[in-house]
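So the structure is just underneath, and the comments pick up after that.
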Amino acid sequence: MALAGGRVVFLTGAAGGIGVSMTDALLAAGHCVAAVDRDVKALERLCARHARAKDRLHPILADLADAEGCERAIAAARARFGAIEAVINNAGIGMSSVRPDAEARAPGIEELTPEIWNGFMAIFVRAPLMLVRAALPDMKKRGVGRIVNNTTSYVTMLRVLPYGAAKAALESMSAVWAKELDGSGITVNVLVPGGPTDTPLIADESGWPRDKMLRPEIMGPPTAWLVSDEAKDFSGRRITAARWDNNLPPAEAAARVSRAIGWPELSADAVWLTGSKS
């Protein structure tokens with residue numbers, strides 16, 4: 001179980017670039033982390049990095065592209081810590097998995113096979129749905145919970161497939177979940193870096209200079225705050241981590257760099273059921 005004041009956080013992609021920064025911040029804030037990743041060596045490095053917090057860090061080797069992998073990961077987290085109180089969907093697959101230069105030269109329609117499409121959708125859409133669905137009873141029972149989804153910028157959603165489409169679907173799910181769980185004590189928010197981030201998901205062949213990319217560490221402070229008690233009334237929002245000001249109180253920093261999940265201003269384009277509340 002979590003220590004007093006801490007939560008049990010189920011974090012996917014925990015041993016990757018952004019995931020490591022999230023793990024650092026969560027452990028520093030006193031939370032327990034069920035660290036899920038499919039890279040055993042990266043998980044070993046993460047555990048070595050936090051050897052002093054081994055009682056609060058539990059590595060879970062799982063491939064979330066597989067439905068059974070999602071189920072086993074949730075079961076392993078519960079077996080170690082008990083009830084899951086927060087889910088952070090951070091696991092990802094980069095465009096370099098299609099080909100090394102796909103970030104800079106996006107694949108066209110004919111290059112996107114069903115296998116490629118399904119792989120992205122499994123990680124970014126099906127896995128978050130399965131994991132949140134499995135953890136939700138724990139959160140509802142306690143009347144407290146946190147769901148944080150790492151999507152992407154609007155520009156990326158319109159620029160590259162299948163990454164952009166999969167992240168857009170996760171953004172849509174986040175908005176729907178926030179409305180569904182409003183008033184339950186369970187918050188749903190989106191956290192994005194704000195641009196290309198220096199992680200292994202972006203291959204060197206992308207052509208983007210790594211010294212110009214965002215640093216993974218920017219995701220740590222907003223992650224820790226979103227899981228905290230102070231963020232209990234903060235839901236349905238997306239935070240751009242690159243704009244987060246560590247010199248401000250976290251609640252003020254969040255207010256300044258957040259907006260509604262999705263792009264609700266586009267609802268003005270609707271001409272059907274315009275008088276409804278949907």
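Please note that chains go A, B, ... in the order of the structure tokens, that every chain numbers its residues from 1, and that ligands are numbered from 1 in the order shown.
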- Please provide the set of residues having any atom within 10 Å of Val160 of chain A, restricted to only C-alpha atoms, with same-chain residues fewer than 4 positions apart removed, written as a ChimeraX atom specification. /A:95,102-108,155-156,164-165
- Select from segment 158-209 of chain A everything DSSP, run on the backbone, classes as alpha helix (DSSP H), then give the selection as a list in words.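 Listing alpha helix (DSSP H) positions across segment 158-209 of chain A yields Tyr163, Gly164, Ala165, Ala166, Lys167, Ala168, Ala169, Leu170, Glu171, Ser172, Met173, Ser174, Ala175, Val176, Trp177, Ala178, Lys179 and Glu180 of chain A.
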Write a file of the selected residues as a short mmCIF file (atom, residue, chain, number, x, y, z; two decimals), in the first residue's frame, keeping N, CA, C and O atoms.
data_model
loop_
_atom_site.label_atom_id
_atom_site.label_comp_id
_atom_site.auth_asym_id
_atom_site.auth_seq_id
_atom_site.Cartn_x
_atom_site.Cartn_y
_atom_site.Cartn_z
N TYR A 163 0.44 7.96 -35.97
CA TYR A 163 0.69 8.52 -34.64
C TYR A 163 -0.34 9.59 -34.28
O TYR A 163 -0.94 9.57 -33.21
N GLY A 164 -0.53 10.55 -35.19
CA GLY A 164 -1.44 11.65 -34.91
C GLY A 164 -2.87 11.20 -34.68
O GLY A 164 -3.55 11.69 -33.77
N ALA A 165 -3.33 10.26 -35.50
CA ALA A 165 -4.71 9.77 -35.35
C ALA A 165 -4.91 9.01 -34.05
O ALA A 165 -5.93 9.15 -33.37
N ALA A 166 -3.92 8.21 -33.67
CA ALA A 166 -4.01 7.44 -32.43
C ALA A 166 -4.02 8.37 -31.22
O ALA A 166 -4.79 8.19 -30.27
N LYS A 167 -3.17 9.39 -31.24
CA LYS A 167 -3.14 10.35 -30.13
C LYS A 167 -4.43 11.18 -30.09
O LYS A 167 -4.91 11.55 -29.01
N ALA A 168 -4.99 11.51 -31.26
CA ALA A 168 -6.25 12.24 -31.29
C ALA A 168 -7.37 11.41 -30.67
O ALA A 168 -8.25 11.95 -29.98
N ALA A 169 -7.35 10.12 -30.90
CA ALA A 169 -8.35 9.24 -30.29
C ALA A 169 -8.21 9.24 -28.78
O ALA A 169 -9.22 9.27 -28.05
N LEU A 170 -6.97 9.21 -28.28
CA LEU A 170 -6.75 9.26 -26.83
C LEU A 170 -7.20 10.60 -26.26
O LEU A 170 -7.75 10.66 -25.16
N GLU A 171 -7.00 11.67 -27.01
CA GLU A 171 -7.48 12.99 -26.58
C GLU A 171 -9.00 12.98 -26.47
O GLU A 171 -9.57 13.48 -25.50
N SER A 172 -9.67 12.42 -27.47
CA SER A 172 -11.13 12.34 -27.45
C SER A 172 -11.62 11.52 -26.25
O SER A 172 -12.54 11.92 -25.53
N MET A 173 -10.98 10.38 -26.01
CA MET A 173 -11.37 9.55 -24.87
C MET A 173 -11.19 10.31 -23.57
O MET A 173 -12.02 10.20 -22.65
N SER A 174 -10.14 11.09 -23.48
CA SER A 174 -9.88 11.86 -22.26
C SER A 174 -11.01 12.83 -21.97
O SER A 174 -11.46 12.98 -20.83
N ALA A 175 -11.47 13.53 -23.02
CA ALA A 175 -12.56 14.49 -22.85
C ALA A 175 -13.84 13.79 -22.43
O ALA A 175 -14.56 14.27 -21.54
N VAL A 176 -14.12 12.65 -23.04
CA VAL A 176 -15.34 11.90 -22.71
C VAL A 176 -15.28 11.39 -21.27
O VAL A 176 -16.24 11.49 -20.51
N TRP A 177 -14.13 10.85 -20.88
CA TRP A 177 -13.98 10.32 -19.52
C TRP A 177 -14.11 11.43 -18.48
O TRP A 177 -14.69 11.23 -17.41
N ALA A 178 -13.55 12.59 -18.78
CA ALA A 178 -13.63 13.70 -17.82
C ALA A 178 -15.08 14.07 -17.54
O ALA A 178 -15.45 14.34 -16.39
N LYS A 179 -15.91 14.08 -18.58
CA LYS A 179 -17.33 14.39 -18.39
C LYS A 179 -18.04 13.26 -17.65
O LYS A 179 -18.86 13.51 -16.75
N GLU A 180 -17.74 12.04 -18.02
CA GLU A 180 -18.39 10.90 -17.38
C GLU A 180 -18.09 10.83 -15.89
O GLU A 180 -18.96 10.50 -15.08
#
- What is the atom CA of Arg56 of chain A-atom CA of Gly17 of chain A distance in Å, reported with one decimal? 19.9 Å
- Task: Compile the contact shell of Glu115 of chain A as a PyMOL selection string: residues with an atom at most 12 Å away, counting only C-alpha atoms, same-chain residues fewer than 5 positions apart removed.
- Result: chain A and resi 65+97-98+120-122+162
- Message: Taking only C-alpha atoms into account, name the residue in A:Val8, A:Val144, A:Met219, A:Met130 that is nearest to Thr187 of chain A.
- Response: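 Under the stated criterion, the closest residue is A:Val144.
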- Message: Could you check the closest approach to Gly262 of chain A for each of A:Asn189, A:Asn247, A:Lys212, A:Val227 and tell me which residue wins, using only C-alpha atoms?
- Response: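 Checking each of A:Asn189, A:Asn247, A:Lys212, A:Val227 against Gly262 of chain A, counting only C-alpha atoms, the winner is A:Asn189.
Omitting Leu46 of chain A and its sequence neighbours fewer than 3 positions away, and counting only C-alpha atoms, the residues within 9 Å are Ala14, Ala15, Val20, Thr23, Ala35, Lys41, Ala42, Leu43, Arg49, His50, Ala51 and Pro59 of chain A.
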Distance query Ser184 of chain A at most 12 Å, only C-alpha atoms, self and fewer than 2 positions along chain excluded, as a PDB file with all heavy atoms, in the first residue's frame:
ATOM      1  N   LEU A 136     -10.602   1.482 -12.588  1.00  0.00           N
ATOM      2  CA  LEU A 136     -11.678   2.363 -12.166  1.00  0.00           C
ATOM      3  C   LEU A 136     -12.435   1.883 -10.923  1.00  0.00           C
ATOM      4  O   LEU A 136     -12.772   2.712 -10.057  1.00  0.00           O
ATOM      5  CB  LEU A 136     -12.651   2.563 -13.336  1.00  0.00           C
ATOM      6  CG  LEU A 136     -13.466   3.853 -13.342  1.00  0.00           C
ATOM      7  CD1 LEU A 136     -12.588   5.079 -13.211  1.00  0.00           C
ATOM      8  CD2 LEU A 136     -14.309   3.931 -14.617  1.00  0.00           C
ATOM      9  N   PRO A 137     -12.714   0.587 -10.767  1.00  0.00           N
ATOM     10  CA  PRO A 137     -13.413   0.157  -9.551  1.00  0.00           C
ATOM     11  C   PRO A 137     -12.669   0.529  -8.265  1.00  0.00           C
ATOM     12  O   PRO A 137     -13.307   0.895  -7.260  1.00  0.00           O
ATOM     13  CB  PRO A 137     -13.517  -1.360  -9.719  1.00  0.00           C
ATOM     14  CG  PRO A 137     -13.515  -1.562 -11.203  1.00  0.00           C
ATOM     15  CD  PRO A 137     -12.579  -0.522 -11.733  1.00  0.00           C
ATOM     16  N   MET A 139     -10.725   3.139  -7.819  1.00  0.00           N
ATOM     17  CA  MET A 139     -10.874   4.579  -7.635  1.00  0.00           C
ATOM     18  C   MET A 139     -12.288   4.933  -7.166  1.00  0.00           C
ATOM     19  O   MET A 139     -12.472   5.750  -6.261  1.00  0.00           O
ATOM     20  CB  MET A 139     -10.549   5.306  -8.940  1.00  0.00           C
ATOM     21  CG  MET A 139      -9.139   5.087  -9.465  1.00  0.00           C
ATOM     22  SD  MET A 139      -8.846   6.060 -10.978  1.00  0.00           S
ATOM     23  CE  MET A 139      -7.355   5.305 -11.588  1.00  0.00           C
ATOM     24  N   LYS A 140     -13.277   4.313  -7.790  1.00  0.00           N
ATOM     25  CA  LYS A 140     -14.670   4.614  -7.419  1.00  0.00           C
ATOM     26  C   LYS A 140     -14.954   4.203  -5.975  1.00  0.00           C
ATOM     27  O   LYS A 140     -15.687   4.889  -5.251  1.00  0.00           O
ATOM     28  CB  LYS A 140     -15.630   3.908  -8.375  1.00  0.00           C
ATOM     29  CG  LYS A 140     -15.717   4.559  -9.741  1.00  0.00           C
ATOM     30  CD  LYS A 140     -16.787   3.888 -10.603  1.00  0.00           C
ATOM     31  CE  LYS A 140     -17.015   4.647 -11.891  1.00  0.00           C
ATOM     32  NZ  LYS A 140     -18.052   4.001 -12.747  1.00  0.00           N
ATOM     33  N   LYS A 141     -14.388   3.090  -5.553  1.00  0.00           N
ATOM     34  CA  LYS A 141     -14.602   2.620  -4.190  1.00  0.00           C
ATOM     35  C   LYS A 141     -14.095   3.619  -3.169  1.00  0.00           C
ATOM     36  O   LYS A 141     -14.700   3.826  -2.108  1.00  0.00           O
ATOM     37  CB  LYS A 141     -13.920   1.267  -3.999  1.00  0.00           C
ATOM     38  CG  LYS A 141     -14.182   0.623  -2.642  1.00  0.00           C
ATOM     39  CD  LYS A 141     -13.557  -0.753  -2.574  1.00  0.00           C
ATOM     40  CE  LYS A 141     -13.835  -1.414  -1.230  1.00  0.00           C
ATOM     41  NZ  LYS A 141     -13.236  -2.772  -1.159  1.00  0.00           N
ATOM     42  N   ARG A 142     -12.984   4.284  -3.481  1.00  0.00           N
ATOM     43  CA  ARG A 142     -12.385   5.260  -2.574  1.00  0.00           C
ATOM     44  C   ARG A 142     -12.905   6.680  -2.794  1.00  0.00           C
ATOM     45  O   ARG A 142     -12.693   7.557  -1.968  1.00  0.00           O
ATOM     46  CB  ARG A 142     -10.856   5.251  -2.742  1.00  0.00           C
ATOM     47  CG  ARG A 142     -10.217   4.044  -2.095  1.00  0.00           C
ATOM     48  CD  ARG A 142      -8.815   3.805  -2.610  1.00  0.00           C
ATOM     49  NE  ARG A 142      -8.154   2.774  -1.812  1.00  0.00           N
ATOM     50  CZ  ARG A 142      -8.462   1.485  -1.854  1.00  0.00           C
ATOM     51  NH1 ARG A 142      -9.412   1.071  -2.661  1.00  0.00           N
ATOM     52  NH2 ARG A 142      -7.829   0.613  -1.091  1.00  0.00           N
ATOM     53  N   GLY A 143     -13.538   6.891  -3.940  1.00  0.00           N
ATOM     54  CA  GLY A 143     -14.020   8.226  -4.255  1.00  0.00           C
ATOM     55  C   GLY A 143     -12.902   9.186  -4.604  1.00  0.00           C
ATOM     56  O   GLY A 143     -13.083  10.405  -4.585  1.00  0.00           O
ATOM     57  N   VAL A 144     -11.734   8.641  -4.957  1.00  0.00           N
ATOM     58  CA  VAL A 144     -10.565   9.452  -5.321  1.00  0.00           C
ATOM     59  C   VAL A 144      -9.795   8.709  -6.407  1.00  0.00           C
ATOM     60  O   VAL A 144      -9.579   7.498  -6.307  1.00  0.00           O
ATOM     61  CB  VAL A 144      -9.628   9.704  -4.128  1.00  0.00           C
ATOM     62  CG1 VAL A 144      -8.386  10.465  -4.572  1.00  0.00           C
ATOM     63  CG2 VAL A 144     -10.340  10.464  -3.026  1.00  0.00           C
ATOM     64  N   GLY A 145      -9.375   9.442  -7.422  1.00  0.00           N
ATOM     65  CA  GLY A 145      -8.575   8.816  -8.460  1.00  0.00           C
ATOM     66  C   GLY A 145      -7.996   9.852  -9.403  1.00  0.00           C
ATOM     67  O   GLY A 145      -8.474  10.981  -9.478  1.00  0.00           O
ATOM     68  N   ARG A 146      -6.962   9.451 -10.091  1.00  0.00           N
ATOM     69  CA  ARG A 146      -6.303  10.329 -11.048  1.00  0.00           C
ATOM     70  C   ARG A 146      -6.022   9.556 -12.338  1.00  0.00           C
ATOM     71  O   ARG A 146      -5.472   8.458 -12.299  1.00  0.00           O
ATOM     72  CB  ARG A 146      -4.973  10.862 -10.492  1.00  0.00           C
ATOM     73  CG  ARG A 146      -5.099  11.636  -9.186  1.00  0.00           C
ATOM     74  CD  ARG A 146      -5.704  13.008  -9.404  1.00  0.00           C
ATOM     75  NE  ARG A 146      -5.714  13.791  -8.187  1.00  0.00           N
ATOM     76  CZ  ARG A 146      -6.717  13.827  -7.312  1.00  0.00           C
ATOM     77  NH1 ARG A 146      -7.834  13.110  -7.541  1.00  0.00           N
ATOM     78  NH2 ARG A 146      -6.639  14.578  -6.226  1.00  0.00           N
ATOM     79  N   TRP A 177     -14.130  10.848 -20.879  1.00  0.00           N
ATOM     80  CA  TRP A 177     -13.984  10.324 -19.517  1.00  0.00           C
ATOM     81  C   TRP A 177     -14.106  11.433 -18.480  1.00  0.00           C
ATOM     82  O   TRP A 177     -14.692  11.226 -17.409  1.00  0.00           O
ATOM     83  CB  TRP A 177     -12.636   9.626 -19.360  1.00  0.00           C
ATOM     84  CG  TRP A 177     -12.492   8.376 -20.163  1.00  0.00           C
ATOM     85  CD1 TRP A 177     -13.488   7.670 -20.767  1.00  0.00           C
ATOM     86  CD2 TRP A 177     -11.274   7.682 -20.457  1.00  0.00           C
ATOM     87  NE1 TRP A 177     -12.973   6.582 -21.423  1.00  0.00           N
ATOM     88  CE2 TRP A 177     -11.618   6.563 -21.249  1.00  0.00           C
ATOM     89  CE3 TRP A 177      -9.942   7.901 -20.141  1.00  0.00           C
ATOM     90  CZ2 TRP A 177     -10.667   5.660 -21.721  1.00  0.00           C
ATOM     91  CZ3 TRP A 177      -8.987   7.013 -20.602  1.00  0.00           C
ATOM     92  CH2 TRP A 177      -9.345   5.899 -21.382  1.00  0.00           C
ATOM     93  N   ALA A 178     -13.548  12.591 -18.780  1.00  0.00           N
ATOM     94  CA  ALA A 178     -13.627  13.696 -17.821  1.00  0.00           C
ATOM     95  C   ALA A 178     -15.078  14.069 -17.542  1.00  0.00           C
ATOM     96  O   ALA A 178     -15.454  14.338 -16.394  1.00  0.00           O
ATOM     97  CB  ALA A 178     -12.852  14.904 -18.347  1.00  0.00           C
ATOM     98  N   LYS A 179     -15.909  14.079 -18.577  1.00  0.00           N
ATOM     99  CA  LYS A 179     -17.331  14.394 -18.394  1.00  0.00           C
ATOM    100  C   LYS A 179     -18.040  13.265 -17.646  1.00  0.00           C
ATOM    101  O   LYS A 179     -18.859  13.511 -16.752  1.00  0.00           O
ATOM    102  CB  LYS A 179     -17.994  14.634 -19.740  1.00  0.00           C
ATOM    103  CG  LYS A 179     -17.571  15.932 -20.405  1.00  0.00           C
ATOM    104  CD  LYS A 179     -18.314  16.147 -21.718  1.00  0.00           C
ATOM    105  CE  LYS A 179     -17.896  17.460 -22.371  1.00  0.00           C
ATOM    106  NZ  LYS A 179     -18.596  17.683 -23.661  1.00  0.00           N
ATOM    107  N   GLU A 180     -17.739  12.037 -18.021  1.00  0.00           N
ATOM    108  CA  GLU A 180     -18.387  10.896 -17.383  1.00  0.00           C
ATOM    109  C   GLU A 180     -18.087  10.831 -15.886  1.00  0.00           C
ATOM    110  O   GLU A 180     -18.963  10.498 -15.077  1.00  0.00           O
ATOM    111  CB  GLU A 180     -17.929   9.593 -18.051  1.00  0.00           C
ATOM    112  CG  GLU A 180     -18.499   8.336 -17.395  1.00  0.00           C
ATOM    113  CD  GLU A 180     -17.978   7.057 -18.032  1.00  0.00           C
ATOM    114  OE1 GLU A 180     -17.453   7.120 -19.172  1.00  0.00           O
ATOM    115  OE2 GLU A 180     -18.091   5.997 -17.390  1.00  0.00           O
ATOM    116  N   LEU A 181     -16.871  11.162 -15.506  1.00  0.00           N
ATOM    117  CA  LEU A 181     -16.441  11.017 -14.116  1.00  0.00           C
ATOM    118  C   LEU A 181     -16.520  12.312 -13.319  1.00  0.00           C
ATOM    119  O   LEU A 181     -16.096  12.362 -12.167  1.00  0.00           O
ATOM    120  CB  LEU A 181     -15.007  10.482 -14.087  1.00  0.00           C
ATOM    121  CG  LEU A 181     -14.836   9.087 -14.708  1.00  0.00           C
ATOM    122  CD1 LEU A 181     -13.368   8.723 -14.837  1.00  0.00           C
ATOM    123  CD2 LEU A 181     -15.581   8.039 -13.892  1.00  0.00           C
ATOM    124  N   ASP A 182     -17.080  13.342 -13.918  1.00  0.00           N
ATOM    125  CA  ASP A 182     -17.221  14.624 -13.230  1.00  0.00           C
ATOM    126  C   ASP A 182     -18.006  14.449 -11.931  1.00  0.00           C
ATOM    127  O   ASP A 182     -19.074  13.844 -11.922  1.00  0.00           O
ATOM    128  CB  ASP A 182     -17.931  15.630 -14.142  1.00  0.00           C
ATOM    129  CG  ASP A 182     -18.024  17.009 -13.521  1.00  0.00           C
ATOM    130  OD1 ASP A 182     -17.095  17.402 -12.802  1.00  0.00           O
ATOM    131  OD2 ASP A 182     -19.047  17.693 -13.756  1.00  0.00           O
ATOM    132  N   ILE A 186     -12.732  11.561  -9.219  1.00  0.00           N
ATOM    133  CA  ILE A 186     -11.715  11.038 -10.132  1.00  0.00           C
ATOM    134  C   ILE A 186     -11.477  12.080 -11.222  1.00  0.00           C
ATOM    135  O   ILE A 186     -12.403  12.456 -11.938  1.00  0.00           O
ATOM    136  CB  ILE A 186     -12.168   9.712 -10.769  1.00  0.00           C
ATOM    137  CG1 ILE A 186     -12.465   8.679  -9.682  1.00  0.00           C
ATOM    138  CG2 ILE A 186     -11.099   9.187 -11.735  1.00  0.00           C
ATOM    139  CD1 ILE A 186     -13.198   7.449 -10.188  1.00  0.00           C
ATOM    140  N   THR A 187     -10.269  12.564 -11.319  1.00  0.00           N
ATOM    141  CA  THR A 187      -9.950  13.573 -12.321  1.00  0.00           C
ATOM    142  C   THR A 187      -9.344  12.924 -13.567  1.00  0.00           C
ATOM    143  O   THR A 187      -8.705  11.876 -13.495  1.00  0.00           O
ATOM    144  CB  THR A 187      -8.969  14.621 -11.778  1.00  0.00           C
ATOM    145  OG1 THR A 187      -7.713  13.989 -11.479  1.00  0.00           O
ATOM    146  CG2 THR A 187      -9.517  15.277 -10.514  1.00  0.00           C
ATOM    147  N   VAL A 188      -9.568  13.559 -14.701  1.00  0.00           N
ATOM    148  CA  VAL A 188      -9.008  13.102 -15.968  1.00  0.00           C
ATOM    149  C   VAL A 188      -8.368  14.297 -16.656  1.00  0.00           C
ATOM    150  O   VAL A 188      -9.050  15.294 -16.926  1.00  0.00           O
ATOM    151  CB  VAL A 188     -10.078  12.490 -16.891  1.00  0.00           C
ATOM    152  CG1 VAL A 188      -9.430  11.981 -18.175  1.00  0.00           C
ATOM    153  CG2 VAL A 188     -10.833  11.375 -16.193  1.00  0.00           C
ATOM    154  N   LYS A 232      -7.295  18.121  -6.829  1.00  0.00           N
ATOM    155  CA  LYS A 232      -8.556  17.373  -6.751  1.00  0.00           C
ATOM    156  C   LYS A 232      -9.689  17.998  -7.545  1.00  0.00           C
ATOM    157  O   LYS A 232     -10.629  17.305  -7.962  1.00  0.00           O
ATOM    158  CB  LYS A 232      -8.987  17.204  -5.292  1.00  0.00           C
ATOM    159  CG  LYS A 232      -9.313  18.494  -4.567  1.00  0.00           C
ATOM    160  CD  LYS A 232      -9.658  18.231  -3.106  1.00  0.00           C
ATOM    161  CE  LYS A 232      -9.960  19.513  -2.341  1.00  0.00           C
ATOM    162  NZ  LYS A 232     -11.140  20.219  -2.868  1.00  0.00           N
ATOM    163  N   ASP A 233      -9.641  19.286  -7.792  1.00  0.00           N
ATOM    164  CA  ASP A 233     -10.699  19.950  -8.545  1.00  0.00           C
ATOM    165  C   ASP A 233     -10.274  20.320  -9.963  1.00  0.00           C
ATOM    166  O   ASP A 233     -10.978  21.039 -10.668  1.00  0.00           O
ATOM    167  CB  ASP A 233     -11.157  21.224  -7.808  1.00  0.00           C
ATOM    168  CG  ASP A 233     -11.766  20.913  -6.452  1.00  0.00           C
ATOM    169  OD1 ASP A 233     -12.512  19.918  -6.352  1.00  0.00           O
ATOM    170  OD2 ASP A 233     -11.470  21.648  -5.484  1.00  0.00           O
ATOM    171  N   SER A 235      -9.761  19.090 -13.544  1.00  0.00           N
ATOM    172  CA  SER A 235     -10.114  17.967 -14.417  1.00  0.00           C
ATOM    173  C   SER A 235     -10.601  18.491 -15.757  1.00  0.00           C
ATOM    174  O   SER A 235     -11.075  19.623 -15.870  1.00  0.00           O
ATOM    175  CB  SER A 235     -11.203  17.098 -13.765  1.00  0.00           C
ATOM    176  OG  SER A 235     -11.392  15.891 -14.480  1.00  0.00           O
TER     177      SER A 235
END
- Please report, as a PyMOL selection string, each residue of segment 34-113 of chain A to which DSSP assigns strand (DSSP E) when run on this structure's backbone. chain A and resi 34-37+57-61+86-89
- So, counting only C-alpha atoms, which residue among A:Ile261, A:Asp63, A:Glu217, A:Ala268 is closest to Asn246 of chain A? A:Glu217
Leu27 of chain A surroundings by only C-alpha atoms, 8 Å radius, close-in-sequence under 5 positions cut, as an mmCIF file with C-alpha atoms, in the first residue's frame:
data_model
loop_
_atom_site.group_PDB
_atom_site.id
_atom_site.type_symbol
_atom_site.label_atom_id
_atom_site.label_comp_id
_atom_site.auth_asym_id
_atom_site.auth_seq_id
_atom_site.Cartn_x
_atom_site.Cartn_y
_atom_site.Cartn_z
ATOM 1 C CA CYS A 32 4.348 4.358 -4.971
ATOM 2 C CA VAL A 33 4.933 3.566 -8.636
ATOM 3 C CA ALA A 53 13.064 3.726 -2.952
ATOM 4 C CA ARG A 56 7.848 2.126 -3.438
ATOM 5 C CA LEU A 57 8.937 1.168 -6.959
#
- Task: For Val190 of chain A, work out the shell of residues within 6 Å, counting only C-alpha atoms and skipping chain neighbours fewer than 4 positions away, then give it as a VMD selection string.
- Result: chain A and resid 148 to 150 238
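Of the residues listed (A:Ser258, A:Ala231, A:Ala253, A:Glu265), A:Ser258 shows the shortest atom-to-atom separation from Val192 of chain A; distances use only C-alpha atoms.
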- Message: Rounded to one decimal, what separation in Å do you get between atom CA of Arg45 of chain A and atom CA of Asp66 of chain A?
- Response: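 Computing the Euclidean distance for atom CA of Arg45 of chain A and atom CA of Asp66 of chain A yields 23.8 Å.
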